[in-house]
>>> print(open('target10.txt').read())   # compact mmCIF, C-alpha atoms and all ligand atoms
# COMPACT_ATOMS: atom_id res chain seq x y z
CA MET C 1 0.00 0.00 0.00
CA SER C 2 1.10 3.50 -0.76
CA GLN C 3 1.36 6.41 1.62
CA PRO C 4 -0.97 9.36 1.15
CA ARG C 5 0.29 11.57 -1.59
CA PRO C 6 0.40 15.29 -0.91
CA THR C 7 -1.78 15.97 -3.91
CA LEU C 8 -3.48 13.59 -6.28
CA VAL C 9 -5.92 14.53 -9.00
CA ILE C 10 -8.55 12.12 -10.27
CA ARG C 11 -9.17 13.55 -13.70
CA GLY C 12 -12.26 13.22 -15.83
CA GLY C 13 -14.34 10.82 -13.73
CA ARG C 14 -18.10 10.97 -13.26
CA PRO C 15 -19.11 11.22 -9.57
CA LEU C 16 -22.25 9.09 -9.04
CA GLY C 17 -22.44 8.69 -12.82
CA GLY C 18 -23.11 12.42 -13.28
CA LEU C 19 -21.13 15.07 -15.12
CA VAL C 20 -17.43 14.72 -15.87
CA THR C 21 -15.23 16.54 -13.36
CA ASP C 22 -11.90 16.43 -11.51
CA ILE C 23 -11.36 15.60 -7.85
CA SER C 24 -8.21 16.62 -6.00
CA ILE C 25 -7.08 14.86 -2.85
CA GLU C 26 -4.78 16.36 -0.24
CA ASN C 27 -3.72 14.66 2.97
CA GLY C 28 -6.48 12.10 2.76
CA VAL C 29 -9.25 14.63 2.22
CA ILE C 30 -11.11 15.76 -0.89
CA ALA C 31 -9.62 19.23 -1.46
CA ALA C 32 -11.68 20.31 -4.44
CA VAL C 33 -14.20 19.06 -6.97
CA GLY C 34 -14.53 20.85 -10.30
CA ALA C 35 -13.06 21.44 -13.71
CA ASP C 36 -9.25 21.61 -13.96
CA VAL C 37 -8.42 21.51 -10.26
CA ALA C 38 -4.87 20.32 -10.99
CA GLY C 39 -2.02 22.45 -9.71
CA GLU C 40 1.77 22.15 -10.05
CA GLY C 41 3.65 18.92 -9.43
CA VAL C 42 0.67 16.73 -8.72
CA GLU C 43 0.10 13.14 -9.75
CA VAL C 44 -2.89 12.37 -11.91
CA VAL C 45 -5.14 9.35 -12.20
CA ASP C 46 -6.81 9.21 -15.60
CA ALA C 47 -10.44 8.52 -14.73
CA ARG C 48 -11.99 9.20 -18.13
CA GLY C 49 -14.91 6.81 -18.63
CA LEU C 50 -14.94 5.86 -14.95
CA ILE C 51 -17.71 6.27 -12.38
CA VAL C 52 -16.67 7.67 -8.99
CA LEU C 53 -18.58 6.32 -6.00
CA PRO C 54 -18.10 6.75 -2.27
CA GLY C 55 -16.22 3.72 -0.88
CA LEU C 56 -18.57 0.76 -0.51
CA VAL C 57 -19.63 -0.44 2.95
CA ASP C 58 -20.48 -4.09 3.58
CA LEU C 59 -22.78 -4.83 6.49
CA HIS C 60 -22.18 -8.57 6.28
CA THR C 61 -18.74 -10.14 5.76
CA HIS C 62 -17.33 -13.35 7.17
CA LEU C 63 -13.59 -12.84 7.65
CA ARG C 64 -13.22 -16.20 9.49
CA GLU C 65 -10.40 -15.00 11.77
CA PRO C 66 -9.93 -16.04 14.55
CA GLY C 67 -10.35 -19.76 14.10
CA ARG C 68 -10.64 -20.60 10.41
CA GLU C 69 -7.58 -18.97 8.94
CA ASP C 70 -7.51 -21.76 6.35
CA ALA C 71 -10.68 -20.23 4.83
CA GLU C 72 -9.86 -16.52 5.18
CA THR C 73 -7.96 -14.08 7.35
CA VAL C 74 -8.71 -10.48 8.18
CA GLU C 75 -5.87 -9.53 5.83
CA THR C 76 -6.97 -11.62 2.82
CA GLY C 77 -10.65 -10.85 3.32
CA THR C 78 -10.09 -7.11 3.51
CA TRP C 79 -7.76 -7.27 0.50
CA ALA C 80 -10.62 -8.92 -1.42
CA ALA C 81 -12.90 -6.19 -0.08
CA ALA C 82 -10.65 -3.39 -1.35
CA ARG C 83 -10.47 -5.06 -4.77
CA GLY C 84 -14.27 -5.10 -4.77
CA GLY C 85 -14.45 -1.36 -4.02
CA PHE C 86 -15.19 -1.65 -0.29
CA THR C 87 -13.65 0.72 2.25
CA ALA C 88 -15.42 -0.70 5.30
CA VAL C 89 -16.70 -4.15 6.17
CA HIS C 90 -18.64 -5.48 9.14
CA ALA C 91 -16.98 -8.71 10.28
CA MET C 92 -19.54 -11.25 11.44
CA ALA C 93 -19.23 -12.73 14.91
CA ASN C 94 -19.42 -16.46 14.12
CA THR C 95 -15.68 -17.00 14.47
CA ASP C 96 -13.86 -19.39 16.81
CA PRO C 97 -13.81 -18.12 19.48
CA VAL C 98 -17.08 -16.29 18.86
CA ALA C 99 -16.83 -12.48 18.91
CA ASP C 100 -18.92 -12.18 22.06
CA THR C 101 -16.47 -10.27 24.28
CA ALA C 102 -14.60 -6.97 24.13
CA GLY C 103 -11.36 -8.98 23.81
CA VAL C 104 -12.32 -10.75 20.58
CA VAL C 105 -13.89 -7.74 18.84
CA GLU C 106 -10.81 -5.65 19.71
CA GLN C 107 -8.57 -8.36 18.26
CA VAL C 108 -10.49 -8.38 14.96
CA TRP C 109 -10.58 -4.57 14.85
CA ARG C 110 -6.82 -4.38 15.47
CA LEU C 111 -6.05 -6.97 12.77
CA GLY C 112 -8.08 -4.83 10.37
CA ARG C 113 -6.07 -1.73 11.28
CA GLU C 114 -2.80 -3.59 10.79
CA ALA C 115 -3.82 -4.91 7.37
CA GLY C 116 -4.90 -1.42 6.30
CA TYR C 117 -7.05 -2.38 3.32
CA CYS C 118 -10.33 -1.14 4.72
CA ASP C 119 -11.96 -0.28 8.00
CA VAL C 120 -13.12 -3.37 9.87
CA ALA C 121 -16.16 -2.90 12.07
CA PRO C 122 -16.54 -6.07 14.14
CA VAL C 123 -20.09 -7.30 14.71
CA GLY C 124 -20.68 -8.47 18.26
CA ALA C 125 -22.59 -11.67 19.02
CA VAL C 126 -26.02 -11.16 20.57
CA THR C 127 -25.78 -14.27 22.75
CA VAL C 128 -22.86 -15.98 24.46
CA GLY C 129 -21.19 -18.36 22.02
CA LEU C 130 -24.13 -17.84 19.59
CA GLY C 131 -25.85 -20.25 21.96
CA GLY C 132 -29.18 -18.42 22.01
CA GLU C 133 -29.46 -18.72 25.78
CA ARG C 134 -28.11 -15.58 27.41
CA LEU C 135 -27.07 -12.16 26.20
CA ALA C 136 -23.39 -11.52 25.51
CA GLU C 137 -21.55 -8.49 26.94
CA LEU C 138 -23.12 -6.07 24.48
CA GLY C 139 -22.23 -2.97 26.48
CA ALA C 140 -18.59 -3.98 26.92
CA MET C 141 -18.26 -4.55 23.17
CA ALA C 142 -19.90 -1.19 22.46
CA ASP C 143 -17.50 0.55 24.87
CA SER C 144 -14.41 -1.28 23.54
CA ALA C 145 -11.88 0.16 21.09
CA ALA C 146 -13.88 -1.61 18.35
CA ARG C 147 -16.95 0.55 19.18
CA VAL C 148 -19.38 -2.17 18.16
CA ARG C 149 -22.78 -0.92 17.01
CA VAL C 150 -24.08 -3.93 15.07
CA PHE C 151 -24.93 -7.10 16.97
CA SER C 152 -25.82 -10.40 15.34
CA ASP C 153 -25.79 -14.14 15.91
CA ASP C 154 -25.64 -14.49 12.12
CA GLY C 155 -25.36 -18.08 11.03
CA VAL C 156 -28.11 -18.81 13.52
CA CYS C 157 -31.29 -16.96 14.37
CA VAL C 158 -32.01 -15.39 17.74
CA SER C 159 -35.19 -17.44 17.82
CA ASP C 160 -36.17 -16.87 21.47
CA ALA C 161 -38.58 -13.91 21.41
CA VAL C 162 -37.73 -12.87 24.97
CA LEU C 163 -33.98 -12.80 24.29
CA MET C 164 -34.57 -10.88 21.06
CA ARG C 165 -36.70 -8.36 22.92
CA ARG C 166 -33.99 -7.93 25.58
CA ALA C 167 -31.28 -7.46 22.95
CA LEU C 168 -33.38 -4.83 21.14
CA GLU C 169 -33.91 -3.00 24.44
CA TYR C 170 -30.26 -3.27 25.50
CA VAL C 171 -28.70 -1.85 22.31
CA LYS C 172 -30.73 1.36 22.58
CA ALA C 173 -28.32 2.56 25.30
CA PHE C 174 -25.51 2.94 22.74
CA ASP C 175 -27.51 3.49 19.52
CA GLY C 176 -26.86 -0.08 18.41
CA VAL C 177 -28.84 -2.29 16.08
CA VAL C 178 -29.66 -5.99 16.17
CA ALA C 179 -29.06 -7.65 12.80
CA GLN C 180 -31.21 -10.75 12.63
CA HIS C 181 -30.51 -13.89 10.62
CA ALA C 182 -34.22 -14.59 10.12
CA GLN C 183 -34.67 -18.37 10.16
CA GLU C 184 -37.24 -20.11 12.31
CA PRO C 185 -35.16 -23.12 13.37
CA ARG C 186 -37.90 -25.71 13.76
CA LEU C 187 -39.27 -24.97 10.28
CA THR C 188 -35.85 -25.45 8.69
CA GLU C 189 -34.47 -28.56 10.37
CA GLY C 190 -32.30 -30.44 7.88
CA ALA C 191 -33.12 -27.92 5.13
CA GLN C 192 -30.93 -28.08 2.03
CA MET C 193 -32.55 -25.73 -0.49
CA ASN C 194 -35.62 -23.57 -1.12
CA GLU C 195 -38.87 -25.39 -0.38
CA GLY C 196 -40.85 -25.53 -3.59
CA GLU C 197 -41.56 -27.50 -6.68
CA LEU C 198 -37.89 -28.14 -7.37
CA SER C 199 -37.01 -29.39 -3.87
CA GLY C 200 -39.73 -32.00 -4.37
CA VAL C 201 -38.33 -33.02 -7.74
CA LEU C 202 -34.76 -33.22 -6.42
CA GLY C 203 -35.83 -34.94 -3.21
CA MET C 204 -34.10 -32.41 -0.96
CA GLN C 205 -35.39 -31.14 2.39
CA GLY C 206 -36.91 -27.69 1.80
CA TRP C 207 -36.29 -24.32 3.56
CA PRO C 208 -39.71 -22.62 3.35
CA ALA C 209 -40.09 -18.88 2.79
CA VAL C 210 -42.37 -18.66 5.82
CA ALA C 211 -39.45 -19.56 8.11
CA GLU C 212 -37.83 -16.24 7.13
CA GLU C 213 -41.00 -14.18 6.89
CA ALA C 214 -42.44 -15.20 10.27
CA ILE C 215 -39.26 -14.09 12.08
CA ILE C 216 -39.09 -10.77 10.20
CA ALA C 217 -42.72 -10.01 11.09
CA ARG C 218 -42.17 -10.94 14.73
CA ASP C 219 -38.96 -8.95 15.07
CA ALA C 220 -40.33 -5.86 13.31
CA MET C 221 -43.19 -5.86 15.80
CA LEU C 222 -40.82 -6.44 18.74
CA ALA C 223 -38.59 -3.56 17.59
CA ALA C 224 -41.62 -1.30 17.34
CA HIS C 225 -42.88 -2.46 20.73
CA VAL C 226 -39.63 -1.46 22.50
CA ASP C 227 -38.87 1.45 20.12
CA SER C 228 -35.54 0.03 18.98
CA ARG C 229 -33.64 -0.61 15.75
CA LEU C 230 -33.84 -3.85 13.79
CA HIS C 231 -31.80 -4.78 10.74
CA VAL C 232 -32.74 -7.85 8.72
CA CYS C 233 -29.89 -9.80 7.15
CA HIS C 234 -30.01 -11.31 3.64
CA VAL C 235 -33.69 -10.91 2.72
CA SER C 236 -34.52 -13.57 0.13
CA THR C 237 -38.27 -13.86 -0.43
CA ALA C 238 -41.07 -11.82 -1.99
CA GLY C 239 -43.08 -12.16 1.23
CA SER C 240 -40.21 -10.68 3.26
CA VAL C 241 -40.20 -7.62 1.00
CA GLU C 242 -43.94 -7.18 1.58
CA ILE C 243 -43.53 -7.42 5.36
CA LEU C 244 -40.68 -4.88 5.31
CA ARG C 245 -42.76 -2.53 3.19
CA TRP C 246 -45.55 -2.79 5.75
CA ALA C 247 -43.17 -2.25 8.71
CA LYS C 248 -41.65 0.83 7.06
CA SER C 249 -45.10 2.20 6.26
CA LYS C 250 -45.72 2.18 10.02
CA GLY C 251 -42.65 4.34 10.54
CA TRP C 252 -40.75 1.63 12.41
CA ASP C 253 -36.96 1.71 12.47
CA VAL C 254 -36.46 -1.46 10.44
CA THR C 255 -33.79 -1.81 7.75
CA ALA C 256 -32.80 -4.70 5.54
CA GLU C 257 -30.14 -5.99 3.18
CA VAL C 258 -30.07 -8.28 0.16
CA THR C 259 -27.07 -10.21 -1.13
CA PRO C 260 -25.78 -10.03 -4.72
CA HIS C 261 -26.47 -13.75 -5.17
CA HIS C 262 -30.12 -13.38 -4.20
CA LEU C 263 -30.37 -10.60 -6.80
CA LEU C 264 -29.09 -12.85 -9.56
CA LEU C 265 -29.31 -16.60 -8.97
CA THR C 266 -32.34 -18.86 -8.50
CA ASP C 267 -33.07 -22.24 -6.94
CA GLN C 268 -32.70 -23.78 -10.40
CA ALA C 269 -28.96 -23.79 -9.73
CA ALA C 270 -29.52 -26.55 -7.16
CA ALA C 271 -30.46 -28.89 -10.00
CA THR C 272 -26.74 -29.07 -10.83
CA TYR C 273 -26.09 -30.56 -7.37
CA ASP C 274 -22.99 -28.35 -7.31
CA PRO C 275 -22.54 -27.28 -3.65
CA VAL C 276 -21.08 -23.95 -4.74
CA TYR C 277 -24.77 -22.92 -4.97
CA LYS C 278 -25.59 -24.10 -1.44
CA VAL C 279 -26.21 -21.05 0.70
CA ASN C 280 -28.29 -19.93 3.68
CA PRO C 281 -30.89 -18.57 3.14
CA PRO C 282 -31.16 -20.63 -0.03
CA LEU C 283 -31.43 -19.33 -3.57
CA ARG C 284 -35.11 -18.72 -4.21
CA THR C 285 -37.44 -18.62 -7.23
CA ALA C 286 -37.33 -16.21 -10.16
CA ALA C 287 -40.39 -14.45 -8.70
CA ASP C 288 -38.49 -13.89 -5.45
CA VAL C 289 -35.52 -12.51 -7.40
CA ASP C 290 -37.85 -10.04 -9.14
CA ALA C 291 -39.32 -9.01 -5.77
CA VAL C 292 -35.99 -8.40 -4.02
CA ARG C 293 -34.78 -6.38 -7.02
CA ALA C 294 -37.95 -4.28 -6.87
CA GLY C 295 -37.55 -3.90 -3.09
CA LEU C 296 -33.98 -2.71 -3.48
CA ALA C 297 -35.01 -0.34 -6.27
CA ASP C 298 -37.79 1.34 -4.25
CA GLY C 299 -35.71 1.44 -1.04
CA THR C 300 -37.75 -1.09 0.94
CA ILE C 301 -34.49 -3.00 1.08
CA ASP C 302 -31.89 -0.48 2.20
CA ALA C 303 -28.60 -2.10 1.29
CA VAL C 304 -26.69 -4.68 -0.66
CA ALA C 305 -24.54 -6.77 1.68
CA THR C 306 -22.30 -9.54 0.40
CA ASP C 307 -22.57 -12.29 3.04
CA HIS C 308 -19.06 -13.15 1.74
CA ALA C 309 -18.66 -16.64 3.20
CA PRO C 310 -15.34 -18.28 2.34
CA HIS C 311 -14.96 -22.03 2.80
CA PRO C 312 -11.94 -24.25 2.08
CA VAL C 313 -12.36 -26.76 -0.77
CA GLU C 314 -12.84 -29.76 1.51
CA ASP C 315 -15.95 -28.11 2.98
CA LYS C 316 -17.44 -27.24 -0.42
CA GLU C 317 -16.27 -29.80 -2.96
CA CYS C 318 -18.17 -32.72 -1.54
CA GLU C 319 -21.68 -34.11 -1.60
CA TRP C 320 -24.42 -31.41 -1.46
CA ALA C 321 -25.86 -32.60 1.85
CA ALA C 322 -22.44 -32.54 3.55
CA ALA C 323 -21.26 -29.21 2.08
CA ALA C 324 -21.06 -25.97 4.06
CA PHE C 325 -23.49 -23.12 3.35
CA GLY C 326 -22.09 -19.95 1.77
CA MET C 327 -20.37 -18.30 -1.18
CA LEU C 328 -17.79 -15.61 -1.88
CA GLY C 329 -19.04 -12.13 -2.75
CA LEU C 330 -16.70 -9.21 -2.09
CA GLU C 331 -14.86 -9.06 -5.41
CA THR C 332 -17.97 -9.50 -7.58
CA ALA C 333 -20.64 -7.54 -5.68
CA LEU C 334 -20.49 -4.31 -7.66
CA SER C 335 -20.48 -6.17 -10.98
CA VAL C 336 -23.51 -8.22 -9.96
CA VAL C 337 -25.32 -5.05 -8.86
CA GLN C 338 -24.48 -3.37 -12.18
CA HIS C 339 -25.75 -6.43 -14.05
CA THR C 340 -28.98 -6.90 -12.07
CA MET C 341 -29.89 -3.33 -11.11
CA VAL C 342 -28.15 -0.75 -13.32
CA ASP C 343 -28.09 -2.49 -16.69
CA THR C 344 -31.77 -3.39 -16.14
CA GLY C 345 -32.70 0.25 -15.49
CA LEU C 346 -33.83 -0.41 -11.90
CA LEU C 347 -31.18 1.78 -10.23
CA ASP C 348 -28.87 4.57 -11.39
CA TRP C 349 -25.33 5.05 -10.04
CA ALA C 350 -26.50 7.51 -7.39
CA GLY C 351 -28.86 4.74 -6.28
CA VAL C 352 -25.98 2.27 -6.16
CA ALA C 353 -24.00 4.71 -3.99
CA ASP C 354 -26.99 5.01 -1.70
CA ARG C 355 -27.60 1.26 -1.31
CA MET C 356 -23.94 0.16 -1.16
CA SER C 357 -22.36 3.04 0.77
CA VAL C 358 -24.60 5.74 2.23
CA ARG C 359 -27.29 3.60 3.82
CA PRO C 360 -25.11 0.74 5.06
CA ALA C 361 -22.75 3.30 6.64
CA ARG C 362 -25.70 4.92 8.38
CA ILE C 363 -27.11 1.58 9.59
CA GLY C 364 -23.68 0.62 10.99
CA ARG C 365 -23.11 4.14 12.40
CA LEU C 366 -19.83 4.52 10.49
CA GLY C 367 -19.70 8.31 10.34
CA GLU C 368 -16.60 8.52 8.11
CA HIS C 369 -18.14 6.39 5.37
CA GLY C 370 -20.94 6.94 2.88
CA ARG C 371 -20.09 10.63 2.72
CA PRO C 372 -20.85 13.00 -0.16
CA LEU C 373 -18.11 13.45 -2.77
CA ARG C 374 -17.31 17.06 -1.97
CA ALA C 375 -14.51 19.23 -0.58
CA GLY C 376 -13.69 18.64 3.06
CA GLU C 377 -14.92 15.04 3.12
CA PRO C 378 -12.61 12.02 3.55
CA ALA C 379 -11.14 10.86 0.23
CA THR C 380 -12.74 7.44 0.59
CA LEU C 381 -13.94 6.44 -2.83
CA VAL C 382 -13.88 3.93 -5.64
CA LEU C 383 -13.19 4.31 -9.36
CA TYR C 384 -15.23 1.90 -11.44
CA ASP C 385 -15.26 1.14 -15.16
CA PRO C 386 -18.81 0.13 -16.12
CA SER C 387 -17.88 -0.56 -19.75
CA ALA C 388 -15.40 -3.32 -18.90
CA SER C 389 -16.43 -6.94 -18.74
CA ARG C 390 -14.74 -10.13 -17.60
CA VAL C 391 -15.21 -13.83 -17.29
CA VAL C 392 -15.03 -14.60 -13.57
CA GLN C 393 -12.31 -17.13 -12.70
CA ALA C 394 -12.16 -18.60 -9.22
CA GLN C 395 -8.35 -18.51 -9.21
CA ASP C 396 -8.30 -14.74 -9.83
CA SER C 397 -9.63 -14.09 -6.33
CA VAL C 398 -7.30 -12.97 -3.54
CA SER C 399 -9.56 -14.71 -1.03
CA LEU C 400 -8.04 -17.85 0.48
CA SER C 401 -11.17 -19.69 -0.69
CA ARG C 402 -12.50 -20.44 -4.16
CA ASN C 403 -16.25 -20.87 -3.67
CA THR C 404 -17.52 -18.25 -6.09
CA PRO C 405 -20.85 -19.10 -7.74
CA TYR C 406 -20.00 -16.87 -10.73
CA ALA C 407 -17.02 -18.84 -12.09
CA GLY C 408 -17.27 -18.97 -15.87
CA MET C 409 -19.91 -16.21 -15.99
CA THR C 410 -19.32 -12.97 -17.86
CA LEU C 411 -20.02 -10.00 -15.59
CA PRO C 412 -19.86 -6.32 -16.46
CA GLY C 413 -17.61 -3.71 -14.88
CA ARG C 414 -14.28 -3.54 -13.13
CA VAL C 415 -13.06 -1.80 -9.97
CA VAL C 416 -10.09 0.28 -11.16
CA ALA C 417 -8.97 1.70 -7.80
CA THR C 418 -10.18 2.05 -4.23
CA PHE C 419 -9.08 4.89 -1.95
CA LEU C 420 -9.35 4.87 1.85
CA ARG C 421 -8.75 8.37 3.28
CA GLY C 422 -6.55 9.18 0.29
CA CYS C 423 -4.55 5.93 0.39
CA CYS C 424 -4.97 3.69 -2.61
CA THR C 425 -5.74 0.21 -1.29
CA THR C 426 -5.50 -1.36 -4.74
CA ALA C 427 -2.97 -0.93 -7.49
CA VAL C 428 -3.39 2.29 -9.48
CA GLU C 429 -1.45 3.93 -12.27
CA THR C 430 -0.63 7.61 -11.97
CA VAL C 431 1.14 9.99 -14.30
CA PRO C 432 2.77 13.31 -13.52
CA ALA C 433 0.54 16.27 -14.33
ZN ZN U 501 -26.87 -15.33 7.88
>>> encode(input="target10.txt", output="structure tokens")
Amino acid sequence: MSQPRPTLVIRGGRPLGGLVTDISIENGVIAAVGADVAGEGVEVVDARGLIVLPGLVDLHTHLREPGREDAETVETGTWAAARGGFTAVHAMANTDPVADTAGVVEQVWRLGREAGYCDVAPVGAVTVGLGGERLAELGAMADSAARVRVFSDDGVCVSDAVLMRRALEYVKAFDGVVAQHAQEPRLTEGAQMNEGELSGVLGMQGWPAVAEEAIIARDAMLAAHVDSRLHVCHVSTAGSVEILRWAKSKGWDVTAEVTPHHLLLTDQAAATYDPVYKVNPPLRTAADVDAVRAGLADGTIDAVATDHAPHPVEDKECEWAAAAFGMLGLETALSVVQHTMVDTGLLDWAGVADRMSVRPARIGRLGEHGRPLRAGEPATLVLYDPSASRVVQAQDSVSLSRNTPYAGMTLPGRVVATFLRGCCTTAVETVPA
């Protein structure tokens, strides 16, 4: 990684896909935005044809460290994040040991600082050891150096309504949010894929939409009842979008995310029996894909979050029933969003900035991220070429894992450079002015 340059000019880019302009960066801050801002002796990045977006913020990343450093480390995961245009990621708590104490969240936060690729905001577990029995030290994690604001037992659902209520009440003291992995456990025992026509044909145990929707409805009502903040992880069904629309119409403080894979892929992929498509919640029907796209377009779903879930080959390249749930997502997220939302006319680039940077930063209370691209703001941004295209190759990833569901697919766009407070966290070419 490079040190901050005294002055760098990004020339000829289009902030949020708007008019062509220049952006100058001094000491990690945007110094000016406008035509011909270049001065003497500066370095220039040629950004003609590129879109400039605020650095992306992921609310849902599995970095696997501590405990599964064979799958990913904080360093490799955040490197993948930077290459995907992310400048901040929320690291999920289902590590080993679980991030349920100030000690573990501080360790993850510190590893993120040392790696330097992007800001790592550790997510704290809601319950001790993700056990679903008693609340973890939420206050201690909030007060720690990691300043945890997002709490989640992701991987498992906080299914006990009393515990969920207590967590929602508790986090109010420090403006936190509970991010729920909405999965009614009894309705999904042994589930392998979406419950529907195809699960019957393939003879696999189904994961019914109602198992997600019932928890979202319950938790939205609980959050309203105690006047707290709920965030819903990886929304995957049309019914979930309807429930969220209803909850928001009531004025309740409920937000939600959708993953790139739920915007693009359907349960038909399970017919290949290739475990690279095994994920939780499962890939749903084409009608569900249409509904989550529409929900993201109209803002019912606030954010795209990757649920980047690296797994070593031995946990993925095996029989479907034995394989781990999850897929990679950081390095392909923006391309999948361009393909499913921008190229389809559902969202413009300002909308992409809102759903992938502004709103997730606000939900996670990351005040330095998701900022407007104007003078005085941190130079935390991404340069993206929407006219590029590539065939995704698993071996091109810098993740330690290879479980991308897009291998062999042609996806549009390419992240050209990512800047975190003026530091380029990817390779970038500059020329003297
Ligand atoms: Zn989850």
>>> closest_atom_pairs(input="target10.txt", of="chain C", to="ligand ZN 501 (chain U)", cutoff="6 Å", atoms="all atoms listed in the file", output="Markdown table")
| residue | atom | partner | partner_atom | distance |
| --- | --- | --- | --- | --- |
| C:Asp154 | CA | U:ZN501 | ZN | 4.5 |
| C:Gly155 | CA | U:ZN501 | ZN | 4.4 |
| C:His181 | CA | U:ZN501 | ZN | 4.8 |
>>> closest_residue(input="target10.txt", among="C:Glu429, C:Ala32, C:Leu265, C:Tyr273", to="Met409 of chain C", atoms="all atoms listed in the file")
C:Leu265
>>> closest_residue(input="target10.txt", among="C:Ala88, C:Ala427, C:Val52, C:Val148", to="Glu106 of chain C", atoms="all atoms listed in the file")
C:Val148
>>> residues_around(input="target10.txt", residues="Pro372 of chain C", least_positions_apart="6", cutoff="10 Å", atoms="only C-alpha atoms", output="MDAnalysis selection string")
chainID C and resid 15:16 53:54 353 358 378:381
>>> residues_around(input="target10.txt", residues="Arg229 of chain C", least_positions_apart="6", cutoff="7 Å", atoms="all atoms listed in the file", output="PDB file with C-alpha atoms, in the frame of the given file")
ATOM      1  CA  LEU C 168     -33.380  -4.830  21.140  1.00  0.00           C
ATOM      2  CA  VAL C 177     -28.840  -2.290  16.080  1.00  0.00           C
ATOM      3  CA  VAL C 178     -29.660  -5.990  16.170  1.00  0.00           C
ATOM      4  CA  ALA C 223     -38.590  -3.560  17.590  1.00  0.00           C
ATOM      5  CA  ASP C 253     -36.960   1.710  12.470  1.00  0.00           C
ATOM      6  CA  VAL C 254     -36.460  -1.460  10.440  1.00  0.00           C
TER       7      VAL C 254
END
>>> atom_distance(input="target10.txt", atom1="atom CA of Gly206 of chain C", atom2="atom CA of Ala271 of chain C")
13.5 Å
>>> residues_around(input="target10.txt", residues="segment 129-141 of chain C", least_positions_apart="4", cutoff="9 Å", atoms="only C-alpha atoms", output="NGL selection string")
:C and (93-94 or 97-106 or 124-125 or 145-149 or 151-160 or 163 or 166-167 or 170-171 or 173-174)
>>> closest_residue(input="target10.txt", among="C:Asp96, C:Ala35, C:Ala179, C:Leu411", to="Glu69 of chain C", atoms="only C-alpha atoms")
C:Asp96
>>> closest_residue(input="target10.txt", among="C:Leu346, C:Ile363, C:Val415, C:Met164", to="Thr127 of chain C", atoms="only C-alpha atoms")
C:Met164
>>> residues_around(input="target10.txt", residues="Asp385 of chain C", least_positions_apart="4", cutoff="8 Å", atoms="only C-alpha atoms", output="PDB file with C-alpha atoms, keeping the file's coordinate frame")
ATOM      1  CA  GLY C  49     -14.910   6.810 -18.630  1.00  0.00           C
ATOM      2  CA  LEU C  50     -14.940   5.860 -14.950  1.00  0.00           C
ATOM      3  CA  ILE C  51     -17.710   6.270 -12.380  1.00  0.00           C
ATOM      4  CA  GLY C 413     -17.610  -3.710 -14.880  1.00  0.00           C
ATOM      5  CA  ARG C 414     -14.280  -3.540 -13.130  1.00  0.00           C
ATOM      6  CA  VAL C 415     -13.060  -1.800  -9.970  1.00  0.00           C
ATOM      7  CA  VAL C 416     -10.090   0.280 -11.160  1.00  0.00           C
TER       8      VAL C 416
END
>>> atom_distance(input="target10.txt", atom1="atom CA of Ala333 of chain C", atom2="atom CA of Asp290 of chain C")
17.7 Å
>>> closest_atom_pairs(input="target10.txt", of="segment 245-346 of chain C", to="segment 391-398 of chain C", cutoff="10 Å", atoms="only C-alpha atoms", output="Markdown table")
| residue | atom | partner | partner_atom | distance |
| --- | --- | --- | --- | --- |
| C:Leu328 | CA | C:Ser397 | CA | 9.4 |
| C:Leu330 | CA | C:Ser397 | CA | 9.6 |
| C:Glu331 | CA | C:Ser397 | CA | 7.3 |
| C:Thr332 | CA | C:Val392 | CA | 8.4 |
>>> closest_residue(input="target10.txt", among="C:Val20, C:Val431, C:Leu222, C:Cys424", to="Trp79 of chain C", atoms="all atoms listed in the file")
C:Cys424
>>> build_atoms(input="target10.txt", residues="segment 259-266 of chain C", atoms="N, CA and C atoms", output="PDB file, in the frame of the given file")
ATOM      1  N   THR C 259     -28.398  -9.845  -0.631  1.00  0.00           N
ATOM      2  CA  THR C 259     -27.070 -10.210  -1.130  1.00  0.00           C
ATOM      3  C   THR C 259     -27.050 -10.127  -2.663  1.00  0.00           C
ATOM      4  N   PRO C 260     -25.866  -9.980  -3.248  1.00  0.00           N
ATOM      5  CA  PRO C 260     -25.780 -10.030  -4.720  1.00  0.00           C
ATOM      6  C   PRO C 260     -26.324 -11.356  -5.269  1.00  0.00           C
ATOM      7  N   HIS C 261     -26.035 -12.465  -4.598  1.00  0.00           N
ATOM      8  CA  HIS C 261     -26.470 -13.750  -5.170  1.00  0.00           C
ATOM      9  C   HIS C 261     -27.985 -13.897  -5.162  1.00  0.00           C
ATOM     10  N   HIS C 262     -28.666 -13.308  -4.163  1.00  0.00           N
ATOM     11  CA  HIS C 262     -30.120 -13.380  -4.200  1.00  0.00           C
ATOM     12  C   HIS C 262     -30.727 -12.414  -5.228  1.00  0.00           C
ATOM     13  N   LEU C 263     -29.915 -11.479  -5.721  1.00  0.00           N
ATOM     14  CA  LEU C 263     -30.370 -10.600  -6.800  1.00  0.00           C
ATOM     15  C   LEU C 263     -30.226 -11.247  -8.174  1.00  0.00           C
ATOM     16  N   LEU C 264     -29.423 -12.300  -8.252  1.00  0.00           N
ATOM     17  CA  LEU C 264     -29.090 -12.850  -9.560  1.00  0.00           C
ATOM     18  C   LEU C 264     -29.473 -14.318  -9.761  1.00  0.00           C
ATOM     19  N   LEU C 265     -29.203 -15.147  -8.770  1.00  0.00           N
ATOM     20  CA  LEU C 265     -29.310 -16.600  -8.970  1.00  0.00           C
ATOM     21  C   LEU C 265     -30.638 -17.131  -8.425  1.00  0.00           C
ATOM     22  N   THR C 266     -31.093 -18.253  -8.977  1.00  0.00           N
ATOM     23  CA  THR C 266     -32.340 -18.860  -8.500  1.00  0.00           C
ATOM     24  C   THR C 266     -32.097 -20.298  -8.039  1.00  0.00           C
TER      25      THR C 266
END
